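**Student:** My structure is below; once you've seen it, I'll send some questions.
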Amino acid sequence: MPDALTMAARSIRLSARNIDALITALALPVMLMLCFVYLFGGAIDTGGGYIQYVVPGILVICAGFGAGTTAMSVSGDMSGGIVDRFRSLDVGGTAILAGHVAASMVRNLAASTTVFAVALAIGFRPEATASGWLAAVAILLAYILAISWIGAAVGLLAKTPEAASGFAFFVAFLPYPSSAFVPVETMPGWLHGFALNQPVTPVIEALRGLLLDQPVGAAPWQALAWCAGIVVAGMAVSAALFRRRIS
């Protein structure tokens, strides 16, 4: 645990020094939200104010951008030789990767808070109960944790940070064929199956229902089940890839 905390503090310091990446991680989701609300929102009928509909999807996209940064950071460590130095100091691979994931959680929370603050400023009005707030935060944290571990695995798989950066595009694209921006029933019929049965949709549906105090059905449990499965898979794959890279 002390090693993981030390590695997390190191990753956070490195993130703070990378001003360009930090501004992009904070500003890009906000710009995306503003574009959808003010440029497209008037043409999209969701049965209510579009700002109320779109914010949960933007929070999920925000987590995706943060995971892309994690993939690049892990890849940079693996290709830069610093991991050999850590190993000579008896710092284990689990601590190194856990440090990157913990830093990803901090970065994503900062970005999500920024998005949420701007959303409130432009008209988002959550109606969640106290328990709804707690559940929404728990689901968002679970999703950030899950996507961060996948980001770590991709960083270990990629040979260069540039290659790892492609992960951000994939994760940022995944919310589009979901209920993030438009209801699934408005999509072509052949896309319904994928949109309804991918991990992002129950996360977004759960966040939207909890924040707006609407019926959520089984969406929160489905979201947590997806997140738990992704975390387990991400940790297992990361451990295997780390052993292969250092062998």
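Identifiers in the structure tokens: chain A, B, ... in order shown; residue index from 1 per chain; ligand index from 1 in order shown.
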For the structure I just gave you, how does DSSP split segment 1-242 of chain A - specifically, which residues are helix (DSSP H, G or I)? Reply as a ChimeraX atom specification.
**Tutor:** /A:2-17,19-43,50-80,82-88,93-121,130-157,161-164,166-173,184-186,189-196,200-211,219-242
**Student:** Output as JSON lines one row per residue of segment 86-205 of chain A within 9 Å of segment 211-227 of chain A: the closest atom pair and its distance in Å to one decimal place, counting only C-alpha atoms, sorted by chain and residue number ascending.
**Tutor:**
```
{"residue": "A:Arg125", "atom": "CA", "partner": "A:Leu212", "partner_atom": "CA", "distance": 8.0}
{"residue": "A:Pro126", "atom": "CA", "partner": "A:Leu212", "partner_atom": "CA", "distance": 5.2}
{"residue": "A:Glu127", "atom": "CA", "partner": "A:Leu212", "partner_atom": "CA", "distance": 4.7}
{"residue": "A:Ala128", "atom": "CA", "partner": "A:Leu211", "partner_atom": "CA", "distance": 4.6}
{"residue": "A:Thr129", "atom": "CA", "partner": "A:Asp213", "partner_atom": "CA", "distance": 6.8}
{"residue": "A:Gly132", "atom": "CA", "partner": "A:Leu211", "partner_atom": "CA", "distance": 6.5}
{"residue": "A:Trp133", "atom": "CA", "partner": "A:Leu211", "partner_atom": "CA", "distance": 6.6}
{"residue": "A:Ala135", "atom": "CA", "partner": "A:Pro220", "partner_atom": "CA", "distance": 8.1}
{"residue": "A:Ala136", "atom": "CA", "partner": "A:Leu211", "partner_atom": "CA", "distance": 6.8}
{"residue": "A:Ala138", "atom": "CA", "partner": "A:Leu224", "partner_atom": "CA", "distance": 9.0}
{"residue": "A:Ile139", "atom": "CA", "partner": "A:Leu224", "partner_atom": "CA", "distance": 6.5}
{"residue": "A:Ala142", "atom": "CA", "partner": "A:Cys227", "partner_atom": "CA", "distance": 6.0}
{"residue": "A:Tyr143", "atom": "CA", "partner": "A:Cys227", "partner_atom": "CA", "distance": 5.6}
{"residue": "A:Ile144", "atom": "CA", "partner": "A:Cys227", "partner_atom": "CA", "distance": 8.7}
{"residue": "A:Leu145", "atom": "CA", "partner": "A:Cys227", "partner_atom": "CA", "distance": 7.9}
{"residue": "A:Ala146", "atom": "CA", "partner": "A:Cys227", "partner_atom": "CA", "distance": 5.4}
{"residue": "A:Ile147", "atom": "CA", "partner": "A:Cys227", "partner_atom": "CA", "distance": 8.2}
{"residue": "A:Gln198", "atom": "CA", "partner": "A:Trp226", "partner_atom": "CA", "distance": 8.9}
{"residue": "A:Pro199", "atom": "CA", "partner": "A:Trp226", "partner_atom": "CA", "distance": 5.8}
{"residue": "A:Val200", "atom": "CA", "partner": "A:Ala223", "partner_atom": "CA", "distance": 7.8}
{"residue": "A:Thr201", "atom": "CA", "partner": "A:Ala223", "partner_atom": "CA", "distance": 8.1}
{"residue": "A:Pro202", "atom": "CA", "partner": "A:Ala219", "partner_atom": "CA", "distance": 4.9}
{"residue": "A:Val203", "atom": "CA", "partner": "A:Ala223", "partner_atom": "CA", "distance": 4.8}
{"residue": "A:Ile204", "atom": "CA", "partner": "A:Ala223", "partner_atom": "CA", "distance": 8.4}
{"residue": "A:Glu205", "atom": "CA", "partner": "A:Ala219", "partner_atom": "CA", "distance": 6.3}
```
**Student:** Could the residues in this selection be written to a file with C-alpha atoms, as an mmCIF file, in the first residue's frame?
**Tutor:**
```cif
data_model
loop_
_atom_site.group_PDB
_atom_site.id
_atom_site.type_symbol
_atom_site.label_atom_id
_atom_site.label_comp_id
_atom_site.auth_asym_id
_atom_site.auth_seq_id
_atom_site.Cartn_x
_atom_site.Cartn_y
_atom_site.Cartn_z
ATOM 1 C CA ARG A 125 -30.790 20.839 -12.579
ATOM 2 C CA PRO A 126 -30.399 17.448 -10.842
ATOM 3 C CA GLU A 127 -33.246 16.290 -8.635
ATOM 4 C CA ALA A 128 -31.519 13.362 -6.947
ATOM 5 C CA THR A 129 -32.282 12.304 -3.416
ATOM 6 C CA GLY A 132 -29.531 8.846 -5.370
ATOM 7 C CA TRP A 133 -26.475 11.083 -5.147
ATOM 8 C CA ALA A 135 -25.497 5.733 -5.786
ATOM 9 C CA ALA A 136 -24.664 7.962 -8.779
ATOM 10 C CA ALA A 138 -20.556 5.152 -6.624
ATOM 11 C CA ILE A 139 -21.460 4.088 -10.176
ATOM 12 C CA ALA A 142 -16.826 2.237 -10.447
ATOM 13 C CA TYR A 143 -16.837 3.094 -14.148
ATOM 14 C CA ILE A 144 -13.749 5.303 -13.812
ATOM 15 C CA LEU A 145 -11.951 2.506 -11.947
ATOM 16 C CA ALA A 146 -12.935 -0.041 -14.591
ATOM 17 C CA ILE A 147 -11.909 2.052 -17.553
ATOM 18 C CA GLN A 198 -22.747 -2.633 -24.250
ATOM 19 C CA PRO A 199 -21.348 -1.541 -20.849
ATOM 20 C CA VAL A 200 -21.725 2.201 -21.365
ATOM 21 C CA THR A 201 -25.524 2.227 -21.775
ATOM 22 C CA PRO A 202 -26.480 0.893 -18.302
ATOM 23 C CA VAL A 203 -23.926 3.225 -16.707
ATOM 24 C CA ILE A 204 -25.462 6.226 -18.452
ATOM 25 C CA GLU A 205 -29.044 5.099 -17.820
#
```
**Student:** Applying 10 Å and only C-alpha atoms, which residues near Val182 of chain A remain after dropping the ones on its own chain fewer than 5 positions away? List them as a list in words.
**Tutor:**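 Contacts, with the query itself left out: Gly41, Ile44, Asp45, Thr46, Tyr50, Tyr53, Val54, Gly57, Tyr176, Pro177 and Met187 of chain A.
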**Student:** Check the smallest atom-to-atom distance from each of A:Thr24, A:Ser79, A:Ser131, A:Ser15 to Leu210 of chain A using only C-alpha atoms, then report the winner.
**Tutor:**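 Once distances to Leu210 of chain A are computed over only C-alpha atoms, the minimum belongs to A:Ser131.
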**Student:** May I ask which of the residues A:Pro188, A:Gly81, A:Gly68, A:Pro183 is the closest one to Arg107 of chain A, counting only C-alpha atoms?
**Tutor:**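 Ranked by minimum distance to Arg107 of chain A, first place goes to A:Gly68.
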**Student:** Go ahead and compute the interatomic distance for atom CA of Ala8 of chain A and atom CA of Val101 of chain A, in Å to one decimal.
**Tutor:**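 Interatomic distance here is 7.6 Å.
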**Student:** Let me make sure I understand: among A:Ala152, A:Met235, A:Val137, A:Ala158, which one has the smallest atom-to-atom distance to Val74 of chain A if we use only C-alpha atoms?
**Tutor:**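 Using only C-alpha atoms, the shortest distance to Val74 of chain A belongs to A:Ala152.
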**Student:** From the set A:Phe170, A:Trp149, A:Phe86, A:Phe36, which residue has the shortest atom-to-atom contact distance to Gly229 of chain A, counting only C-alpha atoms?
**Tutor:**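 The closest residue to Gly229 of chain A is A:Trp149.
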**Student:** My list of candidates is A:Ile12, A:Met72, A:Leu28, A:Ile246. Which is closest to Ala111 of chain A when distances are computed with only C-alpha atoms?
**Tutor:**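 Of A:Ile12, A:Met72, A:Leu28, A:Ile246, the one nearest Ala111 of chain A is A:Leu28, counting only C-alpha atoms.
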**Student:** Between A:Tyr38, A:Ile96, A:Ala239, A:Ser148, which one has atoms that come closest to Ile82 of chain A, using only C-alpha atoms?
**Tutor:**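 Among the listed residues, the smallest separation from Ile82 of chain A belongs to A:Ile96.
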**Student:** Please list as a list in words every residue within 10 Å of Phe167 of chain A, counting only C-alpha atoms and excluding residues in the same chain fewer than 2 positions away.
**Tutor:**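 After dropping sequence-adjacent residues, the list is Gly64, Phe65, Ala67, Gly68, Thr69, Thr70, Ala71, Met72, Ile150, Gly151, Val154, Gly155, Ala158, Glu162, Ala163, Ala164, Ser165, Phe169, Phe170, Val171, Ala172 and Phe173 of chain A.
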